[in-house]
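The structure file target_24.tsv is reproduced below (TSV, C-alpha atoms).
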```tsv
chain	number	residue	atom	x	y	z
A	1	MET	CA	285.67	164.76	257.26
A	2	LEU	CA	289.09	164.34	258.85
A	3	ALA	CA	289.68	166.57	261.87
A	4	ASP	CA	292.21	169.38	261.53
A	5	LYS	CA	295.23	168.42	263.65
A	6	ARG	CA	296.38	171.96	264.42
A	7	ASN	CA	295.87	173.37	267.90
A	8	ALA	CA	292.50	175.08	268.09
A	9	ALA	CA	291.34	178.09	270.07
A	10	LEU	CA	287.99	179.78	270.51
A	11	VAL	CA	288.18	183.51	271.19
A	12	THR	CA	284.98	185.31	272.15
A	13	GLY	CA	284.48	189.00	271.45
A	14	ALA	CA	286.93	188.81	268.54
A	15	GLY	CA	285.54	191.72	266.57
A	16	SER	CA	287.81	194.33	268.12
A	17	GLY	CA	290.30	195.12	270.87
A	18	PHE	CA	291.89	192.31	272.85
A	19	GLY	CA	289.84	189.63	271.12
A	20	LEU	CA	290.78	190.65	267.59
A	21	LEU	CA	294.47	191.01	268.44
A	22	THR	CA	294.50	187.68	270.24
A	23	ALA	CA	292.81	185.88	267.35
A	24	LEU	CA	295.41	187.23	264.94
A	25	LEU	CA	298.32	186.46	267.27
A	26	LEU	CA	297.23	182.85	267.80
A	27	ALA	CA	296.78	182.36	264.06
A	28	GLU	CA	300.30	183.73	263.49
A	29	LYS	CA	301.52	181.16	266.02
A	30	GLY	CA	300.08	178.42	263.79
A	31	TRP	CA	296.78	177.83	265.60
A	32	MET	CA	293.36	177.41	264.06
A	33	VAL	CA	291.32	180.21	265.56
A	34	TYR	CA	287.55	180.26	265.84
A	35	ALA	CA	286.66	183.93	266.28
A	36	GLY	CA	283.38	184.47	268.07
A	37	LEU	CA	281.50	187.60	266.98
A	38	ARG	CA	278.25	188.86	268.45
A	39	ASP	CA	277.83	191.13	265.43
A	40	SER	CA	278.67	189.11	262.33
A	41	SER	CA	279.28	192.29	260.33
A	42	ARG	CA	282.45	192.78	262.39
A	43	SER	CA	284.00	189.79	260.63
A	44	GLU	CA	284.96	191.96	257.64
A	45	GLY	CA	287.64	193.84	259.58
A	46	LEU	CA	288.98	190.65	261.13
A	47	VAL	CA	289.15	188.79	257.81
A	48	LYS	CA	290.73	191.80	256.07
A	49	GLU	CA	293.49	192.01	258.67
A	50	ALA	CA	294.02	188.23	258.67
A	51	THR	CA	294.29	188.31	254.87
A	52	ALA	CA	296.85	191.13	255.02
A	53	ARG	CA	298.92	189.01	257.40
A	54	GLY	CA	298.63	185.88	255.27
A	55	ILE	CA	296.70	183.90	257.89
A	56	ALA	CA	293.13	184.10	256.58
A	57	ASP	CA	292.90	180.32	256.24
A	58	GLN	CA	293.53	179.97	259.97
A	59	VAL	CA	290.80	182.31	261.20
A	60	VAL	CA	287.18	181.12	261.15
A	61	PRO	CA	284.57	183.73	262.13
A	62	LEU	CA	281.60	182.34	264.07
A	63	GLN	CA	278.32	183.98	264.99
A	64	LEU	CA	278.55	183.93	268.78
A	65	ASP	CA	276.64	185.96	271.30
A	66	VAL	CA	277.70	184.57	274.69
A	67	THR	CA	274.26	185.34	276.11
A	68	ASP	CA	272.65	183.03	273.52
A	69	CYS	CA	272.86	179.37	274.56
A	70	GLY	CA	271.89	178.20	271.08
A	71	GLN	CA	274.75	180.06	269.45
A	72	ILE	CA	277.17	178.79	272.08
A	73	ALA	CA	276.14	175.19	271.42
A	74	GLN	CA	276.41	175.64	267.65
A	75	ALA	CA	279.86	177.20	267.88
A	76	VAL	CA	281.22	174.40	270.06
A	77	GLU	CA	279.68	171.75	267.80
A	78	THR	CA	281.28	173.38	264.75
A	79	ILE	CA	284.67	173.16	266.42
A	80	ARG	CA	284.04	169.56	267.47
A	81	GLN	CA	283.21	168.54	263.90
A	82	ARG	CA	286.08	170.44	262.28
A	83	GLN	CA	288.82	169.92	264.85
A	84	GLY	CA	287.76	167.08	267.12
A	85	ARG	CA	289.29	169.02	270.03
A	86	LEU	CA	289.65	172.46	271.59
A	87	ASP	CA	292.97	173.49	273.13
A	88	ALA	CA	292.12	176.95	274.40
A	89	LEU	CA	289.10	179.08	275.24
A	90	VAL	CA	289.67	182.81	275.60
A	91	ASN	CA	286.68	184.29	277.41
A	92	ASN	CA	287.08	187.86	276.21
A	93	ALA	CA	283.54	189.03	275.35
A	94	GLY	CA	282.37	191.77	277.65
A	95	PHE	CA	281.54	195.43	278.10
A	96	ALA	CA	281.82	198.07	280.82
A	97	ALA	CA	278.69	199.65	282.27
A	98	GLY	CA	279.21	202.77	284.33
A	99	GLY	CA	277.26	205.12	286.53
A	100	PHE	CA	276.59	205.67	290.21
A	101	VAL	CA	275.03	202.74	292.07
A	102	GLU	CA	271.88	204.58	293.09
A	103	GLU	CA	271.19	205.77	289.56
A	104	VAL	CA	272.05	202.77	287.37
A	105	PRO	CA	268.80	200.92	286.50
A	106	LEU	CA	268.68	197.35	287.75
A	107	GLU	CA	268.16	196.15	284.20
A	108	ARG	CA	271.55	197.60	283.27
A	109	TRP	CA	273.13	195.67	286.12
A	110	ARG	CA	271.53	192.49	284.77
A	111	GLU	CA	272.83	193.19	281.26
A	112	GLN	CA	276.32	193.65	282.68
A	113	PHE	CA	276.27	190.34	284.50
A	114	GLU	CA	274.56	188.46	281.65
A	115	THR	CA	277.55	189.14	279.40
A	116	ASN	CA	280.53	189.50	281.71
A	117	VAL	CA	279.63	186.71	284.14
A	118	PHE	CA	276.83	184.40	283.02
A	119	GLY	CA	277.95	184.44	279.38
A	120	LEU	CA	281.46	183.56	280.50
A	121	VAL	CA	280.14	180.73	282.69
A	122	ALA	CA	277.93	179.35	279.92
A	123	MET	CA	280.82	179.42	277.46
A	124	THR	CA	283.07	177.62	279.92
A	125	GLN	CA	280.47	174.96	280.68
A	126	ALA	CA	280.05	174.29	276.97
A	127	VAL	CA	283.73	173.53	276.31
A	128	LEU	CA	284.62	171.64	279.48
A	129	PRO	CA	283.28	168.22	278.35
A	130	MET	CA	285.56	168.29	275.30
A	131	MET	CA	288.57	169.44	277.31
A	132	ARG	CA	287.96	166.84	280.02
A	133	ALA	CA	287.71	164.09	277.44
A	134	GLN	CA	291.05	165.04	275.88
A	135	ARG	CA	292.47	165.73	279.38
A	136	SER	CA	294.03	169.00	278.33
A	137	GLY	CA	293.17	172.61	277.58
A	138	ARG	CA	293.55	176.18	278.69
A	139	ILE	CA	290.78	178.53	279.76
A	140	VAL	CA	291.72	182.19	279.86
A	141	LEU	CA	289.41	184.68	281.54
A	142	ILE	CA	289.78	188.36	280.71
A	143	SER	CA	289.44	190.09	284.03
A	144	SER	CA	290.65	193.52	285.08
A	145	VAL	CA	292.40	195.38	287.85
A	146	SER	CA	288.78	196.36	288.56
A	147	GLY	CA	288.31	192.77	289.66
A	148	ARG	CA	290.67	193.41	292.58
A	149	ILE	CA	289.98	197.05	293.48
A	150	GLY	CA	286.83	199.17	293.29
A	151	PHE	CA	286.48	202.47	291.43
A	152	PRO	CA	283.64	205.01	291.78
A	153	ALA	CA	281.14	205.36	288.94
A	154	LEU	CA	282.02	201.90	287.59
A	155	ALA	CA	280.31	199.65	290.13
A	156	PRO	CA	278.46	197.36	287.65
A	157	TYR	CA	281.69	196.62	285.76
A	158	VAL	CA	283.77	196.35	288.94
A	159	ALA	CA	281.27	193.94	290.52
A	160	SER	CA	281.20	191.76	287.40
A	161	LYS	CA	284.99	191.50	287.30
A	162	HIS	CA	285.16	190.69	291.02
A	163	ALA	CA	282.79	187.81	290.21
A	164	VAL	CA	285.09	186.67	287.37
A	165	GLU	CA	288.05	186.63	289.77
A	166	GLY	CA	286.25	184.36	292.23
A	167	PHE	CA	284.95	182.15	289.44
A	168	GLY	CA	288.46	181.77	288.03
A	169	GLU	CA	289.95	180.74	291.36
A	170	SER	CA	287.25	178.10	291.95
A	171	LEU	CA	287.31	176.79	288.38
A	172	ARG	CA	291.10	176.43	288.41
A	173	LEU	CA	290.92	174.14	291.43
A	174	GLU	CA	288.03	172.09	290.05
A	175	VAL	CA	289.58	171.26	286.66
A	176	ALA	CA	293.29	170.99	287.48
A	177	GLY	CA	292.94	167.22	287.88
A	178	PHE	CA	291.78	166.94	284.26
A	179	GLY	CA	294.87	168.64	282.87
A	180	ILE	CA	293.06	171.93	282.25
A	181	GLY	CA	294.75	175.21	283.16
A	182	VAL	CA	292.79	178.34	284.12
A	183	SER	CA	294.24	181.85	284.14
A	184	LEU	CA	292.99	185.39	284.75
A	185	ILE	CA	294.30	188.34	282.74
A	186	GLU	CA	294.10	191.46	284.91
A	187	ALA	CA	294.16	194.34	282.44
A	188	GLY	CA	294.08	198.04	283.21
A	189	PRO	CA	292.86	200.78	280.85
A	190	TYR	CA	293.92	200.28	277.23
A	191	ARG	CA	293.18	202.03	273.98
A	192	THR	CA	290.27	199.80	272.99
A	193	GLU	CA	286.61	200.27	272.14
A	194	ILE	CA	285.42	198.95	275.50
A	195	TRP	CA	286.78	202.00	277.33
A	196	ARG	CA	285.56	204.46	274.73
A	197	LYS	CA	282.09	202.92	274.78
A	198	SER	CA	282.09	202.84	278.58
A	199	ILE	CA	282.74	206.57	278.76
A	200	ASP	CA	280.23	207.35	276.03
A	201	SER	CA	277.55	205.30	277.80
A	202	LEU	CA	278.36	206.56	281.30
A	203	GLN	CA	275.02	207.49	282.76
A	204	GLU	CA	275.26	211.23	283.25
A	205	PRO	CA	273.53	212.45	286.41
A	206	THR	CA	270.96	215.19	286.00
A	207	ALA	CA	271.68	218.72	287.16
A	208	GLU	CA	269.63	217.97	290.29
A	209	SER	CA	271.46	214.73	291.08
A	210	ALA	CA	273.42	214.45	294.30
A	211	TYR	CA	276.18	212.80	292.24
A	212	ARG	CA	276.48	215.51	289.59
A	213	GLY	CA	279.61	217.05	291.10
A	214	TYR	CA	281.35	213.67	291.32
A	215	TYR	CA	280.57	212.97	287.68
A	216	VAL	CA	282.01	216.31	286.57
A	217	ARG	CA	285.26	215.56	288.38
A	218	LEU	CA	285.59	211.91	287.41
A	219	LYS	CA	284.72	211.99	283.72
A	220	PRO	CA	287.89	213.87	282.68
A	221	ILE	CA	289.93	211.25	284.56
A	222	PHE	CA	288.18	208.45	282.64
A	223	GLU	CA	288.70	210.38	279.39
A	224	HIS	CA	292.39	210.76	280.12
A	225	ASN	CA	292.79	207.06	280.93
A	226	ALA	CA	291.07	206.08	277.68
A	227	GLU	CA	293.25	208.41	275.60
A	228	THR	CA	296.53	207.50	277.29
A	229	GLY	CA	295.83	203.83	277.94
A	230	GLY	CA	298.31	201.14	277.09
A	231	ASP	CA	298.93	199.29	273.86
A	232	PRO	CA	296.38	196.43	273.76
A	233	SER	CA	298.94	194.15	272.11
A	234	HIS	CA	300.44	193.73	275.60
A	235	VAL	CA	297.22	192.06	276.70
A	236	ALA	CA	297.23	189.74	273.67
A	237	ALA	CA	300.80	188.79	274.57
A	238	SER	CA	299.74	187.97	278.14
A	239	ILE	CA	296.92	185.80	276.83
A	240	TRP	CA	299.44	183.92	274.68
A	241	ARG	CA	301.63	183.36	277.74
A	242	ALA	CA	298.68	181.97	279.67
A	243	ILE	CA	297.98	179.57	276.81
A	244	SER	CA	301.57	178.56	276.04
A	245	ASP	CA	303.30	178.49	279.45
A	246	ASN	CA	304.08	174.96	280.59
A	247	LYS	CA	302.77	175.85	284.03
A	248	PRO	CA	300.28	178.67	283.58
A	249	LYS	CA	299.90	181.09	286.46
A	250	LEU	CA	296.55	181.92	288.01
A	251	ARG	CA	296.99	185.64	287.34
A	252	TYR	CA	298.81	187.62	284.67
A	253	GLN	CA	299.21	191.41	284.65
A	254	PRO	CA	300.18	192.59	281.16
A	255	THR	CA	302.46	195.48	282.22
A	256	SER	CA	304.09	197.13	285.21
A	257	SER	CA	301.17	199.55	285.38
A	258	GLU	CA	298.76	196.83	286.52
A	259	LYS	CA	301.37	195.38	288.86
A	260	LYS	CA	301.86	198.77	290.56
A	261	THR	CA	298.12	199.31	290.96
A	262	LEU	CA	297.58	195.92	292.56
A	263	ARG	CA	300.63	196.25	294.78
A	264	ALA	CA	299.16	199.50	296.06
A	265	LYS	CA	295.96	197.69	296.99
A	266	GLN	CA	297.97	194.95	298.69
A	267	TRP	CA	300.44	197.07	300.65
A	268	LEU	CA	298.88	200.47	301.23
A	269	PRO	CA	296.31	200.94	304.01
A	270	TRP	CA	292.78	201.15	302.65
A	271	GLY	CA	292.41	204.50	304.41
A	272	PHE	CA	295.13	205.98	302.20
A	273	ILE	CA	293.57	204.61	299.00
A	274	GLU	CA	290.18	205.91	300.09
A	275	ARG	CA	291.53	209.40	300.76
A	276	MET	CA	293.08	209.54	297.29
A	277	ALA	CA	289.84	208.44	295.63
A	278	LEU	CA	287.72	210.84	297.63
A	279	LYS	CA	290.12	213.66	296.86
A	280	ALA	CA	289.69	212.98	293.14
A	281	MET	CA	285.94	213.18	293.66
A	282	GLY	CA	286.22	216.43	295.59
A	283	VAL	CA	285.04	214.89	298.86
A	284	LYS	CA	286.46	216.17	302.12
A	285	LYS	CA	286.17	213.33	304.61
A	286	SER	CA	285.64	214.47	308.16
```
Representation of the structure as structure tokens:
Amino acid sequence: MLADKRNAALVTGAGSGFGLLTALLLAEKGWMVYAGLRDSSRSEGLVKEATARGIADQVVPLQLDVTDCGQIAQAVETIRQRQGRLDALVNNAGFAAGGFVEEVPLERWREQFETNVFGLVAMTQAVLPMMRAQRSGRIVLISSVSGRIGFPALAPYVASKHAVEGFGESLRLEVAGFGIGVSLIEAGPYRTEIWRKSIDSLQEPTAESAYRGYYVRLKPIFEHNAETGGDPSHVAASIWRAISDNKPKLRYQPTSSEKKTLRAKQWLPWGFIERMALKAMGVKKS
């Protein structure tokens, strides 16, 4: 079978949110998009939307759980056979685990890192041989402002995104000589399922918990952020820039909101940031 000559991208976590929007955007740009889905039943919504936009023939759903090495290998081999190359990998699959450090079971921490970190690493390792051989490619890592600044009650997610930031910096240096660009997308809260699910799964402290009061104060803030979060299409647009820019940057912030948050971390004294966070939690620091 002759290889398809169109540019090809693999987008993980393409069943909803950033991943779905990115898959559709890339297809509209003329790319062949391999849409990785942990839950294959989610392909119906993706295919329906792609059909409505007239791009169904450019979107190929793939069964892909990034914590399953067998599925990763099969997905990459499918792309190799059909395309003969891979021009972009968008490492988007992930979820947000919340709760207070003392009370989040260690198994939950492991689940968080298996998907957000080790799944991302495994996916990257699987595509690098093909990209090195063709001496080109883009690898986009969906990070977060949480990868640069910590937030209470989100430590598992924050820690995983800090790991992604460090991984991205190291990887970018290692593969630059092979013509491969690596970029981090530092997104804030957006109106996507990941934030809704994070709030719904936030481990609620018991009435006797020392953290109960903090939870009561913080949950409405998380709820507000989820309801008033940004338009996720801004993140898809940033991903496209990371893929299409002639000289891709290491970091992209989709909107001014993320830029302001990270500037605050860079320029404001940590003591000020800490006081604001503790005030939100109802803590009076002596």
Atom pair CA of Ile273 (chain A) / CA of Lys219 (chain A): separation (Å)
19.1 Å
Within 9 Å of region 113-129 of chain A, counting only C-alpha atoms, which residues show up once you throw out same-chain ones fewer than 5 positions away? Write them as a PyMOL selection string, please.
chain A and resi 12+65-69+72-73+76+86+89+91-96+108+134+137+139+141+156-157+159-161+163-164+167+175+180
Could the residues in this selection be written to a file with C-alpha atoms, as a PDB file, keeping the file's coordinate frame?
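Final file, part-v3.pdb:
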```pdb
ATOM      1  CA  THR A  12     284.980 185.310 272.150  1.00  0.00           C
ATOM      2  CA  ASP A  65     276.640 185.960 271.300  1.00  0.00           C
ATOM      3  CA  VAL A  66     277.700 184.570 274.690  1.00  0.00           C
ATOM      4  CA  THR A  67     274.260 185.340 276.110  1.00  0.00           C
ATOM      5  CA  ASP A  68     272.650 183.030 273.520  1.00  0.00           C
ATOM      6  CA  CYS A  69     272.860 179.370 274.560  1.00  0.00           C
ATOM      7  CA  ILE A  72     277.170 178.790 272.080  1.00  0.00           C
ATOM      8  CA  ALA A  73     276.140 175.190 271.420  1.00  0.00           C
ATOM      9  CA  VAL A  76     281.220 174.400 270.060  1.00  0.00           C
ATOM     10  CA  LEU A  86     289.650 172.460 271.590  1.00  0.00           C
ATOM     11  CA  LEU A  89     289.100 179.080 275.240  1.00  0.00           C
ATOM     12  CA  ASN A  91     286.680 184.290 277.410  1.00  0.00           C
ATOM     13  CA  ASN A  92     287.080 187.860 276.210  1.00  0.00           C
ATOM     14  CA  ALA A  93     283.540 189.030 275.350  1.00  0.00           C
ATOM     15  CA  GLY A  94     282.370 191.770 277.650  1.00  0.00           C
ATOM     16  CA  PHE A  95     281.540 195.430 278.100  1.00  0.00           C
ATOM     17  CA  ALA A  96     281.820 198.070 280.820  1.00  0.00           C
ATOM     18  CA  ARG A 108     271.550 197.600 283.270  1.00  0.00           C
ATOM     19  CA  GLN A 134     291.050 165.040 275.880  1.00  0.00           C
ATOM     20  CA  GLY A 137     293.170 172.610 277.580  1.00  0.00           C
ATOM     21  CA  ILE A 139     290.780 178.530 279.760  1.00  0.00           C
ATOM     22  CA  LEU A 141     289.410 184.680 281.540  1.00  0.00           C
ATOM     23  CA  PRO A 156     278.460 197.360 287.650  1.00  0.00           C
ATOM     24  CA  TYR A 157     281.690 196.620 285.760  1.00  0.00           C
ATOM     25  CA  ALA A 159     281.270 193.940 290.520  1.00  0.00           C
ATOM     26  CA  SER A 160     281.200 191.760 287.400  1.00  0.00           C
ATOM     27  CA  LYS A 161     284.990 191.500 287.300  1.00  0.00           C
ATOM     28  CA  ALA A 163     282.790 187.810 290.210  1.00  0.00           C
ATOM     29  CA  VAL A 164     285.090 186.670 287.370  1.00  0.00           C
ATOM     30  CA  PHE A 167     284.950 182.150 289.440  1.00  0.00           C
ATOM     31  CA  VAL A 175     289.580 171.260 286.660  1.00  0.00           C
ATOM     32  CA  ILE A 180     293.060 171.930 282.250  1.00  0.00           C
TER      33      ILE A 180
END
```
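CA of Gly15 (chain A) sits 19.5 Å away from CA of Gly229 (chain A).
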Between CA of Phe18 (chain A) and CA of Leu171 (chain A) - distance in Å to one decimal
22.4 Å
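Residues in contact with Ala210 (chain A) at up to 12 Å, not including ones fewer than 4 positions away on its chain and judged by only C-alpha atoms, are Phe100, Glu102, Glu103, Glu204, Pro205, Thr206, Tyr214, Tyr215 and Val216 of chain A.
In terms of minimum interatomic distance to Arg191 (chain A), A:Val235 ranks closest within A:Ile243, A:Val235, A:Ala280, A:Leu218, counting all atoms listed in the file.
Candidate residues A:Pro152, A:Gly147, A:Pro61, A:Gly188 were compared for distance to Ala277 (chain A), and the nearest is A:Pro152, using all atoms listed in the file.
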Protein, DNA and RNA residues within 10 Å of (296.9, 182.0, 291.7), all atoms listed in the file, as a PyMOL selection string
chain A and resi 168-169+172-173+182-184+248-252
Can you pull out the residues contacting Ile149 (chain A)? Cut-off 9 Å, using all atoms listed in the file, and skip same-chain residues under 5 positions away; I want them as a PDB file with C-alpha atoms, keeping the file's coordinate frame.
```pdb
ATOM      1  CA  VAL A 158     283.770 196.350 288.940  1.00  0.00           C
ATOM      2  CA  HIS A 162     285.160 190.690 291.020  1.00  0.00           C
ATOM      3  CA  THR A 261     298.120 199.310 290.960  1.00  0.00           C
ATOM      4  CA  LEU A 262     297.580 195.920 292.560  1.00  0.00           C
ATOM      5  CA  LYS A 265     295.960 197.690 296.990  1.00  0.00           C
TER       6      LYS A 265
END
```
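Nearest residue to Ala237 (chain A) among A:Ala264, A:Ser170, A:Ala187, A:Gly54 is A:Ala187, counting only C-alpha atoms.
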Need to verify the contact set: Met32 (chain A), 8 Å, only C-alpha atoms, exclusion of same-chain residues closer than 5 positions in sequence. Can you return it as a PyMOL selection string?
chain A and resi 6-9+26-27+58-60
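In terms of minimum interatomic distance to Ala236 (chain A), A:Val90 ranks closest within A:Val90, A:Glu107, A:Ala56, A:Phe222, counting all atoms listed in the file.
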As a PDB file with C-alpha atoms, in the frame of the given file, please: the residues near Gly230 (chain A) (cut-off 10 Å, all atoms listed in the file, same-chain neighbours under 3 positions excluded).
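Result saved to out.pdb:
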```pdb
ATOM      1  CA  ALA A 187     294.160 194.340 282.440  1.00  0.00           C
ATOM      2  CA  GLY A 188     294.080 198.040 283.210  1.00  0.00           C
ATOM      3  CA  PRO A 189     292.860 200.780 280.850  1.00  0.00           C
ATOM      4  CA  TYR A 190     293.920 200.280 277.230  1.00  0.00           C
ATOM      5  CA  ARG A 191     293.180 202.030 273.980  1.00  0.00           C
ATOM      6  CA  THR A 192     290.270 199.800 272.990  1.00  0.00           C
ATOM      7  CA  ASN A 225     292.790 207.060 280.930  1.00  0.00           C
ATOM      8  CA  ALA A 226     291.070 206.080 277.680  1.00  0.00           C
ATOM      9  CA  GLU A 227     293.250 208.410 275.600  1.00  0.00           C
ATOM     10  CA  SER A 233     298.940 194.150 272.110  1.00  0.00           C
ATOM     11  CA  HIS A 234     300.440 193.730 275.600  1.00  0.00           C
ATOM     12  CA  VAL A 235     297.220 192.060 276.700  1.00  0.00           C
ATOM     13  CA  PRO A 254     300.180 192.590 281.160  1.00  0.00           C
ATOM     14  CA  THR A 255     302.460 195.480 282.220  1.00  0.00           C
ATOM     15  CA  SER A 257     301.170 199.550 285.380  1.00  0.00           C
TER      16      SER A 257
END
```
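When all atoms listed in the file are used to measure the gap to Gly179 (chain A), the shortest distance among A:Leu25, A:Val104, A:Val145, A:Met131 belongs to A:Met131.
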So, counting all atoms listed in the file, which residue among A:Thr51, A:Glu77, A:Asp245, A:Ile142 is closest to Glu186 (chain A)?
A:Ile142
